[in-house]
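*Asks:* Supplied in structure tokens, the structure appears directly below.
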Amino acid sequence: MTQNTTATQAIAEKTETSSTHHVPATGVCVTVHGHFYQPPRENPYLDVIERQPSAYPCHDWNERILYECYRPNVFSRILNGQGEVVGIVNNFEYMSFNVGPTLMSWLERHDREVYQGIIEADRKSTERLNGHGNAIAQAYNHIILPLANERDKYTQVRWGKADFRSHFGRDPEGMWLAETAVDYPTLKVLVDEGIRFIILAPSQAKRCRPLPTAENPDPDWLEVGGSQIDPTRPYRCILEDDRSIDIFFYDGPISRDMGFNEVLNSAGNFAGRLGQAVRRPSQLICVATDGETFGHHKGGTEKCLSYSFIQEFPSRGWTVTNFAHYLDENAPEWEVELKSVTAWSCAHGVDRWQDDCGCGGGGLWNQKWRRPLRDTLNWLRDRLGEIYETHGRKFLSDPWLARDRYIHSIRDRSPENTINFLFRHQSHTLEPAEQVDALRLLEMQRQSLLMFTSCGWFFDELSRPEGVQILRYAARAIELAGDVAGVQLEAEFRDRLQKAPSNVEIFGNGAKVYDELVVSARVTFERVAAHYAITSLFKHYQSEDRVYCYEATQLDYHRQQMGALTLAVGQLRLVSEITRESQEFIVAVLHFGGWDFHCCIQPFIGRLAYSQIKDKLFSALSEASVAKTLFAMTRVFGDRVFNLETLFAEEREWIVQQVANTSKENLDRLFTQAYRDNYSLLQAFYREELPVPQELKASAEIALSRRCLKVLQQFEEAKDRDRQDMYLTELEAIVTEAENMRCRMTLPNAKQLLEALILRDCQALLGEANPETVAEESQRISRTIQMGDRLQVDLSLDRVQEYYFRCLHRDILPQCVVVAGETVSCPWDIVNVPVLLDLGVQLAVDVHQWL
């Protein structure tokens with residue numbers, strides 16, 4: 001233990017505390033902006049992202065990038081030369097950033113810790129920077145605003161503002177535009193909506209000049225159309241009506257180097273490159289790039305940011321700030337005029353999102369499909385707008401105002417909030433069926449906005465996932481229009497898509513892409529009911545449960561097994577959480593065993609009819625005859641049948657696994673017996689250093705894997721410490737046996753299970769603060785970590801590190817520091833502190849100075 005404050009301790013303390021005193025925006029100021037965004041990937045019927053195999057080992061790309069970028073930036077490490085954690089920095093607290101609204105909502109649902117970390121970072125930056133938070137808003141779903149009609153421009157900006165306010169509890173000062181695409185009509189919308197500033201690429205400026213003054217009322221314009229504008233100052237852009245918006249231009253060469261060169265390899269490199277932009281004693285250096293650069297595109301570069309913010313920039317006397325804070329203390333002294341229509345990623349204005357301009361192309365592929373796709377969606381948008389206005393006035397006092405405020409219903413789909421929203425906007429007291437139609441219309445408009453998400457045009461082929469996704473939104477909007485207005489738009493929509501040529505021969509054109517990849521993926525109420533019926537054979541549904549975005553009420557349900565046959569019959573009510581429409585069904589599913597399912601659905605037509613159907617089917621089953629049961633089901637339901645293919649992908653995979661488990665259990669028992677019978681023979685092969693027969697080695701690996709997984713599960717479920725120790729000892733014995741047999745065990749989910757156990761035990765150790773069990777519990781954690789290493793499951797102890805690091809500075813280190821001759825009070829007995837510090841060594845946290 002020591003009373004000296006070392007350099008590493010200073011860094012650690014700096015990362016644990018957030019300065020709340022006012023930081024002036026003087027001298028050389030640095031702003032690093034990250035545009036954090038993922039395309040909306042949700043199934044428009046289920047409101048969830050389905051499994052994306054290309055994101056393996058994660059469920060989908062949002063989740064993968066969460067673990068590669070978003071979480072690492074909230075909990076970014078500063079490491080010493082030995083790779084040990086010296087400090088943990090929330091990069092969002094020091095960088096300017098926007099998080100796309102659809103991504104932010106996904107984070108809110110899937111990782112509350114990361115979501116809250118981003119919120120907290122904005123709050124702390126607001127305190128440090130005189131009321132100006134790091135977060136800025138984004139137009140809602142990343143559409144190219146210059147290509148949107150005026151009404152959609154306003155809705156996109158209003159939704160972006162409202163979504164921002166719901167997360168950060170304040171109004172945004174700035175807004176990020178998708179692809180920085182801008183024109184003067186877009187600027188007018190931003191000014192009307194109170195947006196103070198935006199960020200653009202230097203190539204988007206046409207000319208600039210000093211703002212007119214009394215001494216110089218008409219300064220000369222400087223032509224800067226070749227990306228020659230000075231990015232070290234803010235500019236004021238004046239509209240025709242003399243109102244204005246302020247604009248920052250990021251440093252183009254440095255921003256490109258961040259994405260495509262080695263600038264982010266170290267904080268020294270980064271600061272050195274930024275330093276080349278210093279031209280005056282007092283100026284701004286601002287850079288901007290995709291936020292995913294920090295950790296996803298360039299692994300580990302979030303650490304470069306952390307050290308730059310905490311150590312490298314301050315050591316050079318630079319102030320880390322954001323755009324709003326800098327603008328507050330450095331009003332623009334220059335005026336800028338923009339080119340007419342521009343974006344950062346297209347040299348042809350915004351043609352990348354409407355024409356075969358070559359941007360984003362690769363190889364021999366063209367983008368001739370872009371213009372027909374844009375024209376087709378524009379046509380659909382206009383038709384949907386007419387339908388919305390005509391039919392919306394039947395239910396809503398001001399349909400377009402209701403659309404602008406629909407974001408509040410999107411953010412909270414609860415029945416209470418939905419009813420309150422409709423009450424505020426209804427033209428009269430709406431009947432339940434009218435409420436459904438009003439919500440269908442609003443949802444139709446949401447889908448019509450989503451179908452213009454820029455990613456659909458960004459690349460070089462319509463049949464890519466991004467293009468298919470926007471067509472799925474269009475299909476859902478078409479379907480809702482038909483439900484409300486009885487208007488059939490799909491045939492003409494499909495005809496128009498035929499003019500969009502695909503580069504992929506099997507598709508030929510957009511209509512075939514639509515038929516093969518969009519129409520086939522539609523979800524109906526009947527399909528949801530069939531999904532419920534089949535999965536009910538393998539999972540226990542509560543009387544009131546949820547299937548994706550549907551409320552499922554089990555009004556009656558009966559299941560019976562006869563030999564290899566299982567029959568379930570039920571009465572089910574489904575309610576869409578989005579439109580509140582509901583349907584009731586009679587469902588029946590017969591499982592023959594294995595992969596064969598025979599599921600039938602029909603609308604609920606009354607209790608008597610349902611009771612008679614149930615009696616007929618179970619009477620047929622009682623004879624244990626497949627033929628008679630199928631005949632009875634066909635007579636009742638007709639010949640329309642749902643099977644395993646009806647299920648949504650993830651449940652289909654899960655049921656395949658469940659069905660396979662029976663066969664797998666039998667095989668596992670056979671391999672286990674083979675291993676036991678040949679144990680001595682295996683040892684003889686290894687003792688004599690002879691090649692082991694593949695069959696014998698496989699039996700050993702399967703048998704030991706099975707035993708290990710079983711004990712791991714028991715270890716996880718054990719509540720008392722003695723049983724945990726017993727199972728841990730047994731695991732160690734199994735691993736030793738596997739090592740002796742030179743077996744590589746296959747242990748799915750062992751990594752996640754062990755990580756959760758280590759975190760649980762660490763929280764119990766440091767949270768309960770029981771001095772009597774510190775040594776024992778710390779030893780258990782160490783043994784579990786060693787177990788993970790021996791099992792070669794590539795443990796990730798990031799969350800354990802983060803928890804330990806917080807407790808280290810809050811609870812443990814006060815015992816190591818003497819203040820005014822007395823040890824600071826804390827829950828730990830002084831004799832336990834070395835044990836806790838030893839645990840820090842195990843977790844690769846730098847505690848050596850206190851040992």
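Residues are named by chain letter and number: chains run A, B, ... in the order of the structure tokens, numbers start at 1 in each chain, and ligands are numbered from 1 in the order shown.
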Compile the contact shell of segment 616-633 of chain A as a count of residues only: residues with an atom at most 9 Å away, counting only C-alpha atoms, same-chain residues fewer than 5 positions apart removed.
*Replies:* 19
*Asks:* Check segment 735-827 of chain A with DSSP on the backbone and list each residue it calls strand (DSSP E or B), as a PyMOL selection string.
*Replies:* chain A and resi 818-819+822-823
*Asks:* Could you save those same residues with N, CA and C atoms as a PDB file, in the first residue's frame?
*Replies:*
```pdb
ATOM      1  N   VAL A 818      -4.343   6.906   2.944  1.00  0.00           N
ATOM      2  CA  VAL A 818      -4.486   7.495   4.274  1.00  0.00           C
ATOM      3  C   VAL A 818      -4.731   8.983   4.126  1.00  0.00           C
ATOM      4  N   VAL A 819      -5.820   9.475   4.713  1.00  0.00           N
ATOM      5  CA  VAL A 819      -6.161  10.879   4.662  1.00  0.00           C
ATOM      6  C   VAL A 819      -6.082  11.454   6.070  1.00  0.00           C
ATOM      7  N   GLU A 822      -5.659   9.048   8.957  1.00  0.00           N
ATOM      8  CA  GLU A 822      -6.641   8.006   9.250  1.00  0.00           C
ATOM      9  C   GLU A 822      -7.117   7.350   7.955  1.00  0.00           C
ATOM     10  N   THR A 823      -7.369   6.056   8.060  1.00  0.00           N
ATOM     11  CA  THR A 823      -7.897   5.335   6.904  1.00  0.00           C
ATOM     12  C   THR A 823      -9.355   5.710   6.690  1.00  0.00           C
TER      13      THR A 823
END
```
*Asks:* Got a sec: who's within 10 Å of Asp846 of chain A, counting only C-alpha atoms, leaving out chain neighbours fewer than 4 positions off, as an MDAnalysis selection string?
*Replies:* chainID A and resid 8:9 12 79:80 82:87 805 837 840:842 850
*Asks:* Could you turn the residues from that selection into a file that holds N, CA and C atoms, as an mmCIF file, in the first residue's frame?
*Replies:*
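Resulting contents of part10.cif:
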```cif
data_model
loop_
_atom_site.group_PDB
_atom_site.id
_atom_site.type_symbol
_atom_site.label_atom_id
_atom_site.label_comp_id
_atom_site.auth_asym_id
_atom_site.auth_seq_id
_atom_site.Cartn_x
_atom_site.Cartn_y
_atom_site.Cartn_z
ATOM 1 N N THR A 8 -0.272 6.352 -13.278
ATOM 2 C CA THR A 8 -1.413 5.497 -13.629
ATOM 3 C C THR A 8 -2.579 5.731 -12.686
ATOM 4 N N GLN A 9 -2.292 6.007 -11.420
ATOM 5 C CA GLN A 9 -3.375 6.309 -10.482
ATOM 6 C C GLN A 9 -4.077 7.590 -10.899
ATOM 7 N N ALA A 12 -6.415 6.769 -13.627
ATOM 8 C CA ALA A 12 -7.570 6.040 -13.107
ATOM 9 C C ALA A 12 -8.546 6.979 -12.423
ATOM 10 N N LEU A 79 -5.089 1.041 -21.084
ATOM 11 C CA LEU A 79 -4.257 -0.068 -20.628
ATOM 12 C C LEU A 79 -2.823 0.388 -20.374
ATOM 13 N N ASN A 80 -2.147 -0.321 -19.488
ATOM 14 C CA ASN A 80 -0.722 -0.065 -19.296
ATOM 15 C C ASN A 80 0.078 -0.964 -20.234
ATOM 16 N N GLN A 82 1.469 -3.687 -19.807
ATOM 17 C CA GLN A 82 1.244 -5.118 -19.616
ATOM 18 C C GLN A 82 -0.170 -5.536 -20.026
ATOM 19 N N GLY A 83 -0.911 -4.609 -20.612
ATOM 20 C CA GLY A 83 -2.274 -4.926 -21.037
ATOM 21 C C GLY A 83 -3.286 -4.916 -19.918
ATOM 22 N N GLU A 84 -2.937 -4.327 -18.764
ATOM 23 C CA GLU A 84 -3.857 -4.264 -17.630
ATOM 24 C C GLU A 84 -4.648 -2.955 -17.664
ATOM 25 N N VAL A 85 -5.860 -3.008 -17.125
ATOM 26 C CA VAL A 85 -6.748 -1.850 -17.148
ATOM 27 C C VAL A 85 -6.288 -0.814 -16.131
ATOM 28 N N VAL A 86 -6.013 0.374 -16.626
ATOM 29 C CA VAL A 86 -5.661 1.510 -15.766
ATOM 30 C C VAL A 86 -6.872 2.412 -15.555
ATOM 31 N N GLY A 87 -7.684 2.537 -16.589
ATOM 32 C CA GLY A 87 -8.865 3.390 -16.495
ATOM 33 C C GLY A 87 -9.932 2.905 -17.449
ATOM 34 N N PHE A 805 -13.655 -2.618 -11.450
ATOM 35 C CA PHE A 805 -12.982 -1.328 -11.515
ATOM 36 C C PHE A 805 -13.771 -0.259 -10.746
ATOM 37 N N LEU A 837 -7.227 -7.218 -3.986
ATOM 38 C CA LEU A 837 -6.294 -6.717 -4.994
ATOM 39 C C LEU A 837 -5.728 -7.860 -5.829
ATOM 40 N N GLY A 840 -7.971 -8.468 -8.544
ATOM 41 C CA GLY A 840 -7.752 -7.502 -9.617
ATOM 42 C C GLY A 840 -6.673 -7.955 -10.575
ATOM 43 N N VAL A 841 -5.611 -8.571 -10.059
ATOM 44 C CA VAL A 841 -4.545 -9.099 -10.908
ATOM 45 C C VAL A 841 -5.116 -10.168 -11.831
ATOM 46 N N GLN A 842 -5.958 -11.045 -11.261
ATOM 47 C CA GLN A 842 -6.602 -12.101 -12.070
ATOM 48 C C GLN A 842 -7.449 -11.505 -13.186
ATOM 49 N N TRP A 850 -0.704 -0.798 -5.380
ATOM 50 C CA TRP A 850 -1.297 -0.870 -4.037
ATOM 51 C C TRP A 850 -1.028 -2.203 -3.347
#
```
*Asks:* Check the DSSP output for the backbone and give back, as JSON, numbers by chain, the residues of segment 445-611 of chain A in alpha helix (DSSP H).
*Replies:* {"A": [445, 446, 447, 448, 449, 450, 455, 456, 457, 458, 465, 466, 467, 468, 469, 470, 471, 472, 473, 474, 475, 476, 477, 478, 479, 480, 481, 482, 483, 484, 485, 490, 491, 492, 493, 494, 495, 496, 497, 510, 511, 512, 513, 525, 526, 527, 528, 529, 530, 531, 532, 533, 534, 535, 607, 608, 609, 610, 611]}
*Asks:* For atom CA of Thr102 of chain A and atom CA of Asp163 of chain A, quote the distance in Å rounded to one decimal.
*Replies:*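 These two atoms are separated by 9.2 Å.
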*Asks:* Let me make sure I understand: among A:Glu443, A:Asp192, A:Glu802, A:Glu223, which one has the smallest atom-to-atom distance to Arg71 of chain A if we use only C-alpha atoms?
*Replies:*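 Of A:Glu443, A:Asp192, A:Glu802, A:Glu223, the one nearest Arg71 of chain A is A:Glu802, counting only C-alpha atoms.
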*Asks:* Suppose you want the space between atom CA of Arg580 of chain A and atom CA of Met451 of chain A; what is it in Å?
*Replies:* 22.5 Å
*Asks:* Can you list, as an mmCIF file with N, CA, C and O atoms, in the first residue's frame, every protein, DNA or RNA residue that comes within 10 Å of Glu389 of chain A when you count only C-alpha atoms, leaving out same-chain residues fewer than 5 positions away?
*Replies:*
```cif
data_model
loop_
_atom_site.group_PDB
_atom_site.id
_atom_site.type_symbol
_atom_site.label_atom_id
_atom_site.label_comp_id
_atom_site.auth_asym_id
_atom_site.auth_seq_id
_atom_site.Cartn_x
_atom_site.Cartn_y
_atom_site.Cartn_z
ATOM 1 N N LEU A 384 -50.234 6.667 -51.368
ATOM 2 C CA LEU A 384 -50.497 6.435 -49.940
ATOM 3 C C LEU A 384 -50.874 7.735 -49.241
ATOM 4 O O LEU A 384 -51.713 7.746 -48.327
ATOM 5 N N LYS A 394 -61.638 10.861 -41.708
ATOM 6 C CA LYS A 394 -62.801 10.204 -41.115
ATOM 7 C C LYS A 394 -62.590 9.953 -39.621
ATOM 8 O O LYS A 394 -63.555 9.799 -38.880
ATOM 9 N N LEU A 396 -59.419 11.353 -37.781
ATOM 10 C CA LEU A 396 -58.469 12.249 -37.122
ATOM 11 C C LEU A 396 -58.793 13.701 -37.456
ATOM 12 O O LEU A 396 -59.056 14.036 -38.614
ATOM 13 N N ASP A 398 -56.836 16.294 -37.499
ATOM 14 C CA ASP A 398 -55.799 16.810 -38.401
ATOM 15 C C ASP A 398 -54.851 15.655 -38.704
ATOM 16 O O ASP A 398 -53.918 15.392 -37.937
ATOM 17 N N PRO A 399 -55.073 14.926 -39.806
ATOM 18 C CA PRO A 399 -54.275 13.724 -40.063
ATOM 19 C C PRO A 399 -52.772 13.968 -40.106
ATOM 20 O O PRO A 399 -51.994 13.147 -39.608
ATOM 21 N N TRP A 400 -52.348 15.098 -40.683
ATOM 22 C CA TRP A 400 -50.903 15.318 -40.815
ATOM 23 C C TRP A 400 -50.274 15.721 -39.494
ATOM 24 O O TRP A 400 -49.118 15.358 -39.211
ATOM 25 N N LEU A 441 -53.772 3.392 -40.720
ATOM 26 C CA LEU A 441 -53.363 4.508 -41.580
ATOM 27 C C LEU A 441 -52.056 5.132 -41.108
ATOM 28 O O LEU A 441 -51.169 5.436 -41.906
#
```
*Asks:* Can you work out which one of A:Val504, A:Leu377, A:Ala660, A:Ile758 has the shortest atom-to-atom distance to Gln801 of chain A, counting only C-alpha atoms?
*Replies:*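 Of A:Val504, A:Leu377, A:Ala660, A:Ile758, the one nearest Gln801 of chain A is A:Ile758, counting only C-alpha atoms.
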*Asks:* Leaving out Leu754 of chain A and any residue of its chain fewer than 4 positions from it, which residues lie within 10 Å of it when counting only C-alpha atoms, given as a list in words?
*Replies:*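 The filter keeps Leu712, Phe715, Glu716, Asn749, Ala750, Ile758, Leu759, Arg760, Thr784, Ile785, Met787, Gly788, Val793, Leu795, Ser796 and Leu797 of chain A.
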*Asks:* Between A:Asp789, A:Ser166, A:Ser663, A:Thr319, which one has atoms that come closest to Ser409 of chain A, using only C-alpha atoms?
*Replies:* A:Ser166
*Asks:* Which neighbours of Gly34 of chain A fall inside 8 Å, counting only C-alpha atoms, when residues of the same chain fewer than 6 positions from it are skipped, and could you give them as a PyMOL selection string?
*Replies:* chain A and resi 95-98+288-292
